[in-house]
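Text of the file start25.txt, holding compact mmCIF, C-alpha atoms and all ligand atoms:
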```txt
# COMPACT_ATOMS: atom_id res chain seq x y z
CA MET A 1 123.29 100.86 60.48
CA LYS A 2 123.64 99.17 63.86
CA MET A 3 120.95 100.50 66.13
CA LEU A 4 122.35 101.61 69.48
CA PRO A 5 120.18 101.33 72.59
CA PRO A 6 118.75 104.62 73.87
CA ILE A 7 120.63 106.59 76.51
CA PRO A 8 118.68 107.25 79.71
CA ARG A 9 118.67 110.66 81.42
CA LYS A 10 121.98 111.50 83.13
CA GLU A 11 120.33 111.07 86.57
CA ILE A 12 119.69 107.41 85.72
CA LYS A 13 123.30 106.59 84.88
CA ASN A 14 124.37 105.75 88.44
CA PHE A 15 120.88 105.23 89.80
CA GLU A 16 120.63 102.15 92.06
CA PRO A 17 117.23 100.42 92.07
CA TYR A 18 115.42 99.68 95.35
CA LEU A 19 116.15 96.16 96.57
CA PRO A 20 112.96 94.47 97.75
CA GLY A 21 113.03 91.65 100.35
CA ARG A 22 113.59 88.15 98.91
CA SER A 23 110.44 86.14 98.23
CA VAL A 24 109.43 82.92 99.99
CA GLU A 25 109.02 81.03 96.69
CA GLU A 26 112.48 82.03 95.46
CA ILE A 27 114.18 80.85 98.65
CA LYS A 28 112.17 77.61 98.79
CA GLN A 29 113.33 76.73 95.28
CA LYS A 30 116.93 77.88 95.71
CA PHE A 31 117.58 75.91 98.90
CA ASN A 32 115.05 73.15 98.34
CA LEU A 33 113.16 74.01 101.52
CA LYS A 34 109.57 73.12 102.46
CA THR A 35 109.06 75.98 104.90
CA VAL A 36 110.46 79.47 104.67
CA TYR A 37 109.81 82.30 107.16
CA LYS A 38 109.77 85.77 105.67
CA LEU A 39 110.68 88.39 108.24
CA ALA A 40 112.04 90.87 105.74
CA SER A 41 109.47 93.46 104.71
CA ASN A 42 107.73 94.55 107.92
CA GLU A 43 104.44 92.97 106.93
CA ASN A 44 101.78 92.01 109.46
CA PRO A 45 102.24 88.29 110.28
CA LEU A 46 98.51 88.05 111.11
CA GLY A 47 97.67 89.13 107.57
CA SER A 48 94.68 91.34 106.86
CA SER A 49 91.30 91.56 108.58
CA LYS A 50 89.19 88.41 108.14
CA LYS A 51 86.30 90.72 107.30
CA LEU A 52 87.82 91.60 103.93
CA SER A 53 87.13 88.41 102.01
CA LYS A 54 83.40 89.13 101.58
CA THR A 55 84.16 92.66 100.36
CA ILE A 56 86.73 91.41 97.87
CA SER A 57 84.70 88.49 96.50
CA LYS A 58 81.81 90.85 95.68
CA LEU A 59 84.17 92.88 93.46
CA ILE A 60 85.33 90.02 91.25
CA LYS A 61 82.49 90.38 88.73
CA ASP A 62 83.48 94.00 88.05
CA LEU A 63 87.20 93.50 87.51
CA TYR A 64 86.87 94.36 83.81
CA ARG A 65 86.07 97.97 84.73
CA TYR A 66 88.59 100.71 85.47
CA PRO A 67 88.63 101.86 89.07
CA GLU A 68 86.93 105.09 90.11
CA GLY A 69 89.85 107.41 89.37
CA SER A 70 89.81 109.70 92.39
CA SER A 71 89.45 106.86 94.96
CA LYS A 72 86.45 108.76 96.29
CA ILE A 73 85.14 106.13 98.69
CA LEU A 74 88.51 105.67 100.36
CA ARG A 75 89.29 109.38 100.58
CA GLU A 76 85.85 109.96 102.11
CA LYS A 77 86.46 107.23 104.66
CA ILE A 78 89.87 108.62 105.63
CA ALA A 79 88.42 112.14 105.88
CA GLN A 80 85.65 110.81 108.12
CA VAL A 81 88.02 108.82 110.39
CA TYR A 82 90.33 111.80 110.97
CA HIS A 83 87.65 114.56 110.90
CA ILE A 84 89.35 116.41 108.07
CA PRO A 85 88.08 117.76 104.73
CA TYR A 86 88.03 115.39 101.77
CA GLU A 87 90.20 117.88 99.81
CA GLU A 88 93.05 117.27 102.25
CA VAL A 89 93.40 113.56 101.41
CA ILE A 90 95.16 111.78 98.54
CA VAL A 91 95.61 108.05 98.08
CA GLY A 92 98.37 106.30 96.23
CA SER A 93 99.63 102.93 95.15
CA GLY A 94 101.39 102.56 98.49
CA THR A 95 103.01 105.50 100.25
CA ASP A 96 105.88 104.70 97.97
CA GLU A 97 104.00 106.22 95.05
CA LEU A 98 103.22 109.31 97.13
CA ILE A 99 106.92 109.77 98.01
CA GLU A 100 107.68 109.67 94.30
CA LEU A 101 104.73 111.91 93.47
CA VAL A 102 105.78 114.68 95.85
CA GLY A 103 109.26 114.59 94.31
CA LYS A 104 107.98 114.65 90.72
CA THR A 105 105.55 117.45 91.53
CA TYR A 106 107.87 119.82 93.36
CA LEU A 107 111.58 119.16 92.76
CA SER A 108 113.76 121.03 90.26
CA GLN A 109 117.45 120.56 89.60
CA ASP A 110 118.65 123.71 91.36
CA GLU A 111 116.90 122.74 94.61
CA ASN A 112 117.72 120.34 97.43
CA ILE A 113 116.03 117.88 99.75
CA VAL A 114 117.12 117.29 103.34
CA VAL A 115 117.13 113.72 104.64
CA SER A 116 118.65 111.88 107.56
CA GLU A 117 121.53 109.44 107.27
CA HIS A 118 120.16 105.85 107.52
CA ALA A 119 116.65 107.11 106.70
CA PHE A 120 114.26 105.12 104.51
CA ILE A 121 116.09 105.02 101.20
CA ARG A 122 113.23 106.00 98.90
CA TYR A 123 113.56 109.69 99.88
CA ARG A 124 117.14 109.88 98.68
CA MET A 125 116.19 107.99 95.52
CA ILE A 126 113.50 110.46 94.45
CA GLY A 127 115.91 113.35 95.06
CA GLU A 128 118.51 111.66 92.86
CA LEU A 129 115.93 110.79 90.22
CA MET A 130 114.88 114.43 89.93
CA GLY A 131 118.51 115.54 89.71
CA CYS A 132 118.47 117.72 92.79
CA GLU A 133 120.97 117.86 95.63
CA VAL A 134 120.40 115.36 98.45
CA VAL A 135 121.59 116.89 101.73
CA SER A 136 122.11 114.21 104.35
CA CYS A 137 122.33 114.91 108.07
CA PRO A 138 124.09 112.47 110.44
CA MET A 139 121.89 110.70 113.00
CA LYS A 140 122.14 111.02 116.76
CA ASN A 141 121.83 107.69 118.54
CA TYR A 142 120.39 106.14 115.39
CA THR A 143 117.62 108.78 115.47
CA HIS A 144 116.84 111.67 113.08
CA ASP A 145 118.71 114.69 114.48
CA LEU A 146 116.04 117.31 113.89
CA VAL A 147 118.20 120.12 115.29
CA GLY A 148 120.95 119.22 112.81
CA MET A 149 118.43 118.81 109.98
CA ALA A 150 116.92 122.24 110.63
CA LYS A 151 120.42 123.73 110.31
CA LYS A 152 120.82 122.10 106.89
CA VAL A 153 117.59 123.60 105.54
CA ASN A 154 118.18 126.65 103.35
CA LYS A 155 116.28 128.72 100.78
CA LYS A 156 116.85 126.04 98.16
CA THR A 157 115.35 123.25 100.28
CA LYS A 158 112.07 122.15 98.74
CA ILE A 159 111.33 119.02 100.79
CA VAL A 160 112.47 117.66 104.15
CA PHE A 161 111.73 113.97 104.66
CA ILE A 162 111.28 112.62 108.18
CA ALA A 163 110.46 108.96 108.73
CA ASN A 164 108.71 108.71 112.07
CA PRO A 165 109.47 106.06 113.13
CA ASN A 166 112.33 105.46 110.77
CA ASN A 167 112.90 102.31 108.78
CA PRO A 168 115.39 100.60 109.37
CA THR A 169 116.36 102.03 112.77
CA GLY A 170 112.88 101.86 114.37
CA THR A 171 113.59 105.08 116.28
CA TYR A 172 111.17 108.02 116.46
CA ASN A 173 111.19 111.75 117.12
CA THR A 174 109.08 113.03 119.99
CA SER A 175 106.34 115.59 119.82
CA LYS A 176 108.62 118.17 121.48
CA GLU A 177 111.44 117.56 118.98
CA LEU A 178 109.13 117.84 115.99
CA LYS A 179 107.46 121.01 117.30
CA GLU A 180 110.86 122.61 117.89
CA PHE A 181 111.99 121.62 114.41
CA LEU A 182 108.95 123.21 112.76
CA THR A 183 109.28 126.33 114.91
CA THR A 184 112.94 126.67 113.88
CA LEU A 185 111.96 126.55 110.20
CA ILE A 186 109.37 129.26 110.76
CA LYS A 187 111.97 131.41 112.57
CA LYS A 188 114.38 130.90 109.67
CA SER A 189 111.63 132.10 107.30
CA VAL A 190 111.81 128.93 105.23
CA SER A 191 108.78 126.81 104.38
CA PRO A 192 109.79 123.58 102.62
CA ILE A 193 107.30 120.74 102.45
CA VAL A 194 107.92 118.63 105.53
CA VAL A 195 107.00 115.05 104.72
CA ILE A 196 106.29 113.07 107.88
CA ASP A 197 106.29 109.45 106.83
CA GLU A 198 104.23 107.56 109.40
CA ALA A 199 104.11 104.16 107.71
CA TYR A 200 104.30 102.56 111.18
CA TYR A 201 101.94 105.04 112.87
CA GLU A 202 99.61 102.48 114.47
CA TYR A 203 102.54 100.84 116.29
CA ALA A 204 104.35 104.07 117.17
CA CYS A 205 101.35 106.01 118.50
CA GLN A 206 101.45 103.73 121.54
CA GLN A 207 104.35 105.87 122.78
CA LYS A 208 103.12 108.74 124.97
CA ASP A 209 105.48 111.35 123.49
CA TYR A 210 104.82 110.37 119.86
CA PRO A 211 103.70 113.48 117.90
CA GLN A 212 100.10 114.11 116.91
CA SER A 213 101.20 115.26 113.49
CA LEU A 214 97.68 115.99 112.27
CA LYS A 215 97.38 118.71 114.92
CA LEU A 216 100.81 120.15 114.07
CA ARG A 217 99.53 121.10 110.63
CA LYS A 218 98.06 124.22 112.23
CA LEU A 219 101.52 125.34 113.29
CA TYR A 220 103.14 124.38 109.98
CA PRO A 221 100.69 124.05 107.05
CA ASN A 222 103.27 122.84 104.51
CA MET A 223 103.30 119.39 106.04
CA LEU A 224 102.48 116.17 104.20
CA ILE A 225 101.67 113.21 106.43
CA LEU A 226 101.96 109.76 104.87
CA ARG A 227 100.42 106.55 106.21
CA THR A 228 99.91 103.14 104.69
CA PHE A 229 97.71 100.06 104.54
CA SER A 230 100.79 97.87 103.94
CA LYS A 231 101.86 97.44 107.54
CA VAL A 232 99.39 96.98 110.41
CA TYR A 233 96.42 96.58 108.02
CA GLY A 234 98.18 93.72 106.24
CA LEU A 235 97.46 94.90 102.68
CA ALA A 236 100.99 95.27 101.29
CA GLY A 237 100.09 93.18 98.23
CA LEU A 238 97.26 95.52 97.23
CA ARG A 239 99.48 98.65 97.23
CA VAL A 240 97.56 101.39 98.95
CA GLY A 241 98.65 104.28 101.14
CA TYR A 242 97.46 107.83 101.80
CA GLY A 243 98.65 111.37 102.30
CA ILE A 244 97.12 114.19 104.34
CA SER A 245 98.04 117.80 103.64
CA ARG A 246 96.67 121.28 102.91
CA LYS A 247 94.34 121.31 99.92
CA GLU A 248 96.76 123.24 97.69
CA ILE A 249 99.43 120.52 98.05
CA ILE A 250 96.88 117.74 97.55
CA SER A 251 95.58 119.47 94.43
CA ASP A 252 99.13 119.76 92.95
CA LEU A 253 99.84 116.09 93.70
CA ASP A 254 96.50 115.09 92.26
CA ARG A 255 97.30 116.71 88.91
CA VAL A 256 100.49 114.64 88.59
CA ARG A 257 99.01 111.40 89.98
CA PRO A 258 98.44 108.64 87.39
CA PRO A 259 94.70 108.52 86.65
CA PHE A 260 93.88 105.02 87.96
CA ASN A 261 96.62 104.57 90.55
CA VAL A 262 94.61 102.61 93.13
CA SER A 263 92.65 99.53 92.05
CA THR A 264 88.99 99.04 92.92
CA VAL A 265 89.86 96.07 95.15
CA ALA A 266 92.48 98.12 96.99
CA GLN A 267 90.07 101.02 97.55
CA TYR A 268 87.29 98.85 98.99
CA ALA A 269 89.63 96.62 100.99
CA ALA A 270 91.24 99.69 102.58
CA VAL A 271 87.83 101.11 103.52
CA ALA A 272 86.89 97.81 105.18
CA ALA A 273 90.30 97.55 106.88
CA LEU A 274 89.86 101.01 108.42
CA SER A 275 86.67 99.79 110.08
CA ASP A 276 88.19 96.75 111.77
CA PHE A 277 89.68 98.27 114.94
CA GLN A 278 89.89 94.86 116.59
CA HIS A 279 92.32 93.58 113.99
CA VAL A 280 94.58 96.61 114.43
CA LYS A 281 94.45 96.25 118.21
CA LYS A 282 95.28 92.56 118.07
CA SER A 283 98.15 93.13 115.62
CA VAL A 284 99.67 95.95 117.69
CA SER A 285 99.41 93.88 120.91
CA LEU A 286 101.17 90.98 119.24
CA VAL A 287 104.06 93.21 118.18
CA ILE A 288 104.41 94.77 121.64
CA LYS A 289 104.53 91.32 123.28
CA GLU A 290 106.83 89.76 120.70
CA LYS A 291 109.28 92.67 120.67
CA LYS A 292 109.79 92.05 124.38
CA PHE A 293 110.46 88.39 123.63
CA LEU A 294 112.99 89.26 120.91
CA TYR A 295 114.75 91.88 123.07
CA ARG A 296 115.11 89.41 125.94
CA GLN A 297 116.51 86.69 123.66
CA LEU A 298 118.95 89.11 122.00
CA GLU A 299 120.14 90.27 125.42
CA ILE A 300 120.75 86.66 126.47
CA MET A 301 122.77 86.19 123.28
CA GLY A 302 124.75 89.35 124.04
CA LEU A 303 123.63 91.09 120.83
CA LYS A 304 123.02 94.83 120.63
CA TYR A 305 119.71 96.02 119.21
CA ILE A 306 117.93 99.33 118.87
CA PRO A 307 114.61 99.51 120.75
CA SER A 308 111.97 99.99 118.09
CA ALA A 309 108.69 101.91 117.95
CA ALA A 310 107.71 99.88 114.87
CA ASN A 311 107.23 96.20 113.97
CA PHE A 312 110.88 95.42 113.19
CA VAL A 313 114.17 95.46 115.06
CA LEU A 314 117.64 96.50 113.90
CA ILE A 315 120.27 94.15 115.33
CA GLU A 316 124.03 94.54 115.35
CA VAL A 317 125.80 91.30 114.45
CA SER A 318 129.42 92.49 114.46
CA PRO A 319 132.10 91.20 114.13
CA PHE A 320 130.11 89.47 111.38
CA LYS A 321 128.82 91.26 108.34
CA GLY A 322 125.05 91.60 108.13
CA GLN A 323 125.24 90.19 104.60
CA GLU A 324 126.98 87.01 105.84
CA VAL A 325 124.38 86.46 108.55
CA PHE A 326 121.58 87.16 106.06
CA ASN A 327 123.00 84.61 103.58
CA GLU A 328 123.40 81.93 106.26
CA LEU A 329 119.90 82.51 107.63
CA LEU A 330 118.49 82.01 104.12
CA LYS A 331 119.92 78.48 104.06
CA PHE A 332 117.90 77.75 107.22
CA GLY A 333 114.77 79.19 105.62
CA VAL A 334 114.67 82.55 107.40
CA ILE A 335 114.57 85.73 105.32
CA VAL A 336 115.67 88.94 107.05
CA ARG A 337 117.37 92.02 105.54
CA ALA A 338 121.02 92.95 105.38
CA MET A 339 121.50 96.68 105.71
CA ASP A 340 124.33 97.49 103.30
CA GLU A 341 122.28 99.98 101.28
CA TYR A 342 121.68 101.88 104.53
CA ASN A 343 125.39 102.01 105.23
CA LEU A 344 124.95 99.70 108.21
CA PRO A 345 127.11 96.74 107.10
CA TYR A 346 127.17 95.07 110.52
CA HIS A 347 123.42 95.06 111.08
CA ILE A 348 120.41 93.00 110.08
CA ARG A 349 116.77 94.05 110.30
CA VAL A 350 114.14 91.53 111.32
CA THR A 351 110.37 91.94 111.15
CA VAL A 352 108.51 90.97 114.33
CA GLY A 353 106.61 87.81 113.39
CA THR A 354 104.26 85.46 115.21
CA HIS A 355 105.70 83.85 118.33
CA LYS A 356 106.51 80.71 116.36
CA GLU A 357 108.34 82.69 113.67
CA ASN A 358 110.30 84.64 116.25
CA VAL A 359 111.35 81.46 118.04
CA VAL A 360 112.55 79.99 114.72
CA PHE A 361 114.43 83.21 113.94
CA ILE A 362 116.21 83.24 117.31
CA ASN A 363 117.11 79.54 117.09
CA MET A 364 118.45 79.90 113.56
CA LEU A 365 120.34 83.08 114.43
CA LYS A 366 122.05 81.20 117.27
CA LYS A 367 123.01 78.41 114.84
CA VAL A 368 124.33 80.87 112.25
CA LEU A 369 126.42 82.84 114.75
CA LYS A 370 127.87 79.60 116.11
CA LYS A 371 128.70 78.45 112.57
CA LEU A 372 130.37 81.76 111.71
CA THR A 373 132.36 81.78 114.95
CA VAL A 374 134.17 78.47 114.30
C1 LIG A 401 109.24 104.26 106.33
C2 LIG A 401 108.51 103.67 105.15
N1 LIG A 401 107.83 104.47 104.34
C3 LIG A 401 107.18 104.00 103.29
C4 LIG A 401 107.19 102.66 102.97
C5 LIG A 401 106.48 102.21 101.74
O1 LIG A 401 105.34 101.51 102.07
P1 LIG A 401 104.16 101.26 101.06
O2 LIG A 401 104.56 101.79 99.73
O3 LIG A 401 103.95 99.80 101.05
O4 LIG A 401 102.99 102.03 101.62
C6 LIG A 401 107.88 101.77 103.79
C7 LIG A 401 107.95 100.34 103.45
O5 LIG A 401 108.64 99.56 103.99
C8 LIG A 401 108.57 102.29 104.91
O6 LIG A 401 109.26 101.50 105.72
```

In structure tokens, write the structure found in this file.
Amino acid sequence: MKMLPPIPRKEIKNFEPYLPGRSVEEIKQKFNLKTVYKLASNENPLGSSKKLSKTISKLIKDLYRYPEGSSKILREKIAQVYHIPYEEVIVGSGTDELIELVGKTYLSQDENIVVSEHAFIRYRMIGELMGCEVVSCPMKNYTHDLVGMAKKVNKKTKIVFIANPNNPTGTYNTSKELKEFLTTLIKKSVSPIVVIDEAYYEYACQQKDYPQSLKLRKLYPNMLILRTFSKVYGLAGLRVGYGISRKEIISDLDRVRPPFNVSTVAQYAAVAALSDFQHVKKSVSLVIKEKKFLYRQLEIMGLKYIPSAANFVLIEVSPFKGQEVFNELLKFGVIVRAMDEYNLPYHIRVTVGTHKENVVFINMLKKVLKKLTV
């Protein structure tokens, strides 16, 4: 008998995988380049705190051991930094794992999730994976329309995902908007989990009207706040992020969480990273300064961009397709992101790099646009 391959669940049939940014090594080899600039995954161009190497080298002798399963030292550190109980903290293999975990823990097929059009794509993906309805709300000025999203929430809504600021648009919702949104849900007598994804918190909290989400938990307890060590802390390669919520939600997530989801190195590195305020300050200052540089250059070139509260900028390159510009930039050794999967076919997203990287990006973008014009 010929053995047929197994059939995946019906939700997997049309499931599109997440497309990660292209790697430096791949592009070096493909185009035979010595230097490649990766401005594709919103990483910190300054890397991680210099204070981490000592912490990490001490751990090498114990790599044969499993990590401490509950990530106690890191949860304690987070609880201490934010003055919250330990039971209100969970850590995951990146916030990505926590997005998946909240979906796996709470979603059933007869329920829905509410997301914003052009929102970070992993929310939609977990809804699809769990076979529930994904209700999408159009954006207003490239920003989550929280009034519109509140209208879409009904009795069957289990989770609302809000990326604040959003990737890839870089836009954010103000404290007033978020408060009004939560108040509307309460008035409607609905209480879905509201996931506030603050992966770019350290950059965005520089804005005066950016919400203090931790305080809003009093108004709306069914909130799950997500933050990460992948962005400003420069630890994307270690995969570590955290969630803050009421203890009942944390306890549910914890029961579904894989037992050793955060490595020992990641736990200790994250603890050390949380203590290096100077590195965070320096990284945020660089992004503020360099965003101004990029904005000015884009204005000179006559390109439209969306002012960003994060460490990346969404740029409109019409009449050219984002994919064309992306492909041409690769040949010059610059990796950005095309935005087709976000239904933004005429945009690219660029991570704010060091000044040198940003200068190279602008120069190469000029070359590419000139080449495409003739
Ligand atoms: C809005 C947002 N949320 C979550 C993530 C996932 O980050 P990580 O899993 O590295 O913590 C990203 C990564 O780009 C993001 O942009």

Q | Exercise answer, 9 Å around ligand LIG 401 (chain A) with all atoms listed in the file, as JSON, numbers by chain | A | {"A": [41, 42, 43, 92, 93, 94, 95, 96, 97, 98, 99, 119, 120, 121, 122, 123, 162, 163, 164, 165, 166, 167, 168, 197, 198, 199, 200, 226, 227, 228, 229, 230, 231, 235, 236, 237, 238, 239, 240, 241, 242]}

Q) If we count only C-alpha atoms, what is near A:Thr174 at a cut-off of 6 Å, once residues fewer than 5 positions away on the same chain are taken out, given as a list in words? A)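 Result of the neighbour search: Asp209, Tyr210 and Pro211 of chain A.
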
Deliver the residues from the most recent selection as a file, using C-alpha atoms, as a compact mmCIF listing (two decimals), keeping the file's coordinate frame.
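Result file follows (again_5.txt):
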```
# COMPACT_ATOMS: atom_id res chain seq x y z
CA ASP A 209 105.48 111.35 123.49
CA TYR A 210 104.82 110.37 119.86
CA PRO A 211 103.70 113.48 117.90
```

Q. Between A:Ser189, A:Pro17, A:Pro45, A:Met223, which has the minimum distance to A:Leu129 (counting only C-alpha atoms)?
A.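 Checking each candidate against A:Leu129, we get A:Pro17 as the closest.
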
**Q.** Å distance separating atom CA of A:Thr157 from atom CA of A:Val114, one decimal place
**A.**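 Interatomic distance here is 6.9 Å.
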
Q) Any idea what the distance is between atom CA of A:Tyr142 and atom CA of A:Thr171? A)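 Taking atom CA of A:Tyr142 and atom CA of A:Thr171, their separation equals 6.9 Å.
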
Q: Give the answer as one residue: which of A:Lys156, A:Val115, A:Val280, A:Leu298 has the shortest atom-to-atom distance to A:Pro138, using only C-alpha atoms?
A: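 Selected residue with least distance to A:Pro138: A:Val115.
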
Q | Among listed residues A:Leu182, A:Ala266, A:Ile288, A:Ile159, nearest A:Leu63 (using all atoms listed in the file) | A |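 Ranked by minimum distance to A:Leu63, first place goes to A:Ala266.
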
(Q) Residues within 10 Å of A:Lys50, please, as number ranges by chain. Count all atoms listed in the file; anything in the same chain fewer than 2 positions from it doesn't count. (A) A: 46-48, 52-54, 273, 276, 279

Q. So how far away is atom CA of A:Leu219 from atom CA of A:Glu202, in Å?
A. 23.0 Å

Q: Find the residues near stretch 336-353 of chain A: any atom within 8 Å, counting only C-alpha atoms, skip ones fewer than 3 places away on the same chain, and give them as a ChimeraX atom specification.
A: /A:21,38-45,118-119,121,168,287,290-291,311-323,325-326,329,356-358

Please define a box with edges along x, y and z of the file around all atoms of stretch 178-194 of chain A given in the file, extend it by 6 Å on each side, and return its centre and edge lengths in Å to one decimal, as lines of an AutoDock Vina configuration file.
```
center_x = 110.8
center_y = 125.0
center_z = 110.2
size_x = 19.1
size_y = 26.3
size_z = 27.4
```
